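See below for the structure under consideration.
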Amino acid sequence: MAQDGIDPQLLIFRRQYLQLFEPAFLAWPPKQLLRDADVQSWLYKHLFNTAVHSYLPSGRYQLRVLKPLLAKIEKAIEDPNQDRRNLISGSLTTGFRTWEAALHLGSYLLSADGQTLIKGKGVLELGCGTGFLSILCAKQLGASHVTATDGDQGVVEQLKDNLFLNDLDDGKQVYSSVLKWGHGLKGTWVEDDFDEHPYDTVIGADITYDKAAISALVNTIRMLFLLRSTIRVMIAGAIRNAETFEHFQQACLRSKFNIEEINFAAKDIHEQTSLFYAKAVPIKIMLIKSPDRA
């Protein structure tokens with residue numbers, strides 16, 4: 001049974017829309033739905049009506065979706081019997097969002113294997129950006145505590161808005177602060193935070209793209225292992241530059257970390273039901289353990 005009697009195809013379309021999924025890859029509702037007046041009213045109410053929903057995508061993104069949506073509705077009404085055309089071409093795969101690896105890692109964490117690494121655990125996120133993964137761990141996956149960090153003060157300030165929108169702004173379950181890689185952790189807020197909420201799992205996504213920052217990142221991972229050798233680190237990255245990702249792996253091996261790739265393949269777009277992302281570029285998730293652990 002569909003949620004509240006709404007066709008599942010509409011619900012998936014709305015989820016993709018609210019996730020700012022690239023319009024070329026949206027799972028557009030079929031013509032038999034689009035020509036229905038009640039469906040058109042539902043789409044307006046739940047995708048564009050700010051009087052009903054305070055937090056909607058930007059006006060620019062709305063326009064990018066609204067234009068083709070209106071064209072599809074018009075076409076469905078004018079020519080209801082025409083066969084549906086293929087709307088997605090592989091040649092349109094030209095640009096990727098920075099959330100790509102985060103969405104892939106999030107999908108893994110939502111799996112049965114991934115949940116065991118988060119539920120009831122203390123989690124530290126490196127390079128949190130919007131805080132998507134930290135919020136997912138705190139709100140959906142049952143982490144005991146999450147510390148979200150980024151090297152940019154402005155990013156951390158913006159993160160507070162996202163925590164507020166998800167009722168996580170009281171600081172009890174999620175703490176956010178600036179953490180610059182490569183600097184010592186002893187005697188810092190990180191050591192104090194660890195003493196109060198020991199980290200079991202460290203996560204990071206889309207943080208290995210800058211070759212110049214890899215040494216500092218690996219050094220920070222090394223210092224986290226000094227705080228607790230049993231910490232497990234998961235780093236996800238879209239392999240846009242194979243040389244850069246290989247540089248990260250080699251830096252880990254030089255530090256004698258135990259490193260292995262987690263076997264988790266991205267689903268095809270038409271099989272995705274909650275977190276939507278293109279998989280034209282390979283995405284890897286690496287599990288890293290202390291040299292003291294086999």
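Residue numbering restarts at 1 for every chain of the structure tokens, chains are lettered A, B, ... in their displayed order, and ligands are numbered from 1 as they appear.
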task = Excluding Ile269 in chain A and residues on its chain fewer than 5 positions from it, collect all residues at most 8 Å away from it, counting only C-alpha atoms, and give them as a PyMOL selection string.
result = chain A and resi 25+276-279
Emit the selected residues as a PDB file, in the first residue's frame, including C-alpha atoms.
```
ATOM      1  CA  PHE A  25      18.162  11.838 -13.785  1.00  0.00           C
ATOM      2  CA  PHE A 276      19.795   9.091  -5.068  1.00  0.00           C
ATOM      3  CA  TYR A 277      23.119   9.495  -6.854  1.00  0.00           C
ATOM      4  CA  ALA A 278      24.708   8.732 -10.204  1.00  0.00           C
ATOM      5  CA  LYS A 279      27.312   5.978 -10.368  1.00  0.00           C
TER       6      LYS A 279
END
```
request  = Compile the contact shell of range 196-212 of chain A as a list in words: residues with an atom at most 6 Å away, counting only C-alpha atoms, same-chain residues fewer than 2 positions apart removed.
outcome  =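 These residues fall inside the cut-off: Ala101, Ala102, Lys121, Gly122, Val123, Leu124, Glu125, Leu126, Asp193, Phe194, Ile214, Ile231, Arg232, Val233, Met234, Ile235, Ala236, Gly237 and Thr244 of chain A.
Using only C-alpha atoms, the shortest contact distance between Gly182 in chain A and any of A:Thr220, A:Gln158, A:Asn166, A:Thr147 is found at A:Thr220.
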task = Pull the strand (DSSP E or B) assignments for range 25-176 of chain A out of DSSP run on the backbone, and list those residues as an MDAnalysis selection string.
result = chainID A and resid 122:126 145:150 174:176
For the selection just defined, write its residues with N, CA and C atoms to a file, as a short mmCIF file (atom, residue, chain, number, x, y, z; two decimals), in the first residue's frame.
```cif
data_model
loop_
_atom_site.label_atom_id
_atom_site.label_comp_id
_atom_site.auth_asym_id
_atom_site.auth_seq_id
_atom_site.Cartn_x
_atom_site.Cartn_y
_atom_site.Cartn_z
N GLY A 122 30.02 5.78 19.33
CA GLY A 122 30.45 7.16 19.24
C GLY A 122 31.07 7.39 17.88
N VAL A 123 30.62 8.43 17.17
CA VAL A 123 31.03 8.65 15.78
C VAL A 123 31.69 10.02 15.63
N LEU A 124 32.77 10.07 14.90
CA LEU A 124 33.44 11.32 14.54
C LEU A 124 33.43 11.42 13.02
N GLU A 125 32.96 12.57 12.50
CA GLU A 125 33.02 12.78 11.05
C GLU A 125 34.08 13.82 10.72
N LEU A 126 34.93 13.49 9.77
CA LEU A 126 35.94 14.42 9.26
C LEU A 126 35.44 15.06 7.98
N HIS A 145 26.51 9.11 20.14
CA HIS A 145 26.93 10.52 20.06
C HIS A 145 27.70 10.72 18.77
N VAL A 146 27.56 11.91 18.18
CA VAL A 146 28.25 12.23 16.93
C VAL A 146 28.98 13.55 17.09
N THR A 147 30.24 13.58 16.68
CA THR A 147 31.01 14.81 16.62
C THR A 147 31.28 15.12 15.15
N ALA A 148 30.73 16.23 14.67
CA ALA A 148 30.86 16.62 13.27
C ALA A 148 31.92 17.71 13.15
N THR A 149 32.92 17.48 12.32
CA THR A 149 34.01 18.45 12.21
C THR A 149 34.28 18.83 10.76
N ASP A 150 34.80 20.03 10.59
CA ASP A 150 35.25 20.50 9.28
C ASP A 150 36.38 21.49 9.51
N VAL A 174 24.65 15.67 18.95
CA VAL A 174 25.62 16.04 17.92
C VAL A 174 26.37 17.29 18.37
N TYR A 175 27.68 17.21 18.35
CA TYR A 175 28.53 18.36 18.66
C TYR A 175 29.32 18.69 17.41
N SER A 176 29.43 19.98 17.10
CA SER A 176 30.14 20.39 15.89
C SER A 176 31.25 21.37 16.24
#
```
Residue nearest Asn258 in chain A - candidates A:Leu287, A:Leu141, A:Ile6, A:Ala37, atoms counted: only C-alpha atoms =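 Using only C-alpha atoms, the shortest distance to Asn258 in chain A belongs to A:Leu287.
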key: Proximity to Val39 in chain A - best of A:Leu10, A:Leu66, A:Ala242, A:Ile135, only C-alpha atoms   =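 Ranked by minimum distance to Val39 in chain A, first place goes to A:Leu10.
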query = So, counting only C-alpha atoms, which residue among A:Tyr61, A:Tyr108, A:Phe245, A:Phe13 is closest to Pro30 in chain A?
reply = A:Phe13
inquiry  = Taking the DSSP secondary structure from the backbone, can you list the residues of range 95-145 of chain A that are helix (DSSP H, G or I), as a PyMOL selection string?
reply    = chain A and resi 100-110+112-115+132-139
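Among the candidates A:Glu271, A:Asp161, A:Glu246, A:Glu100, the residue lying nearest to Glu22 in chain A is A:Glu100 (atoms considered: only C-alpha atoms).
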ask   = Just how far from CA of Ser274 in chain A is CA of Tyr17 in chain A, in Å to one decimal?
value =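 Here the two named atoms are 11.3 Å from each other.
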note = For Asn219 in chain A, the closest of A:Ile259, A:Cys128, A:Leu185, A:Ile239 counting only C-alpha atoms is A:Leu185
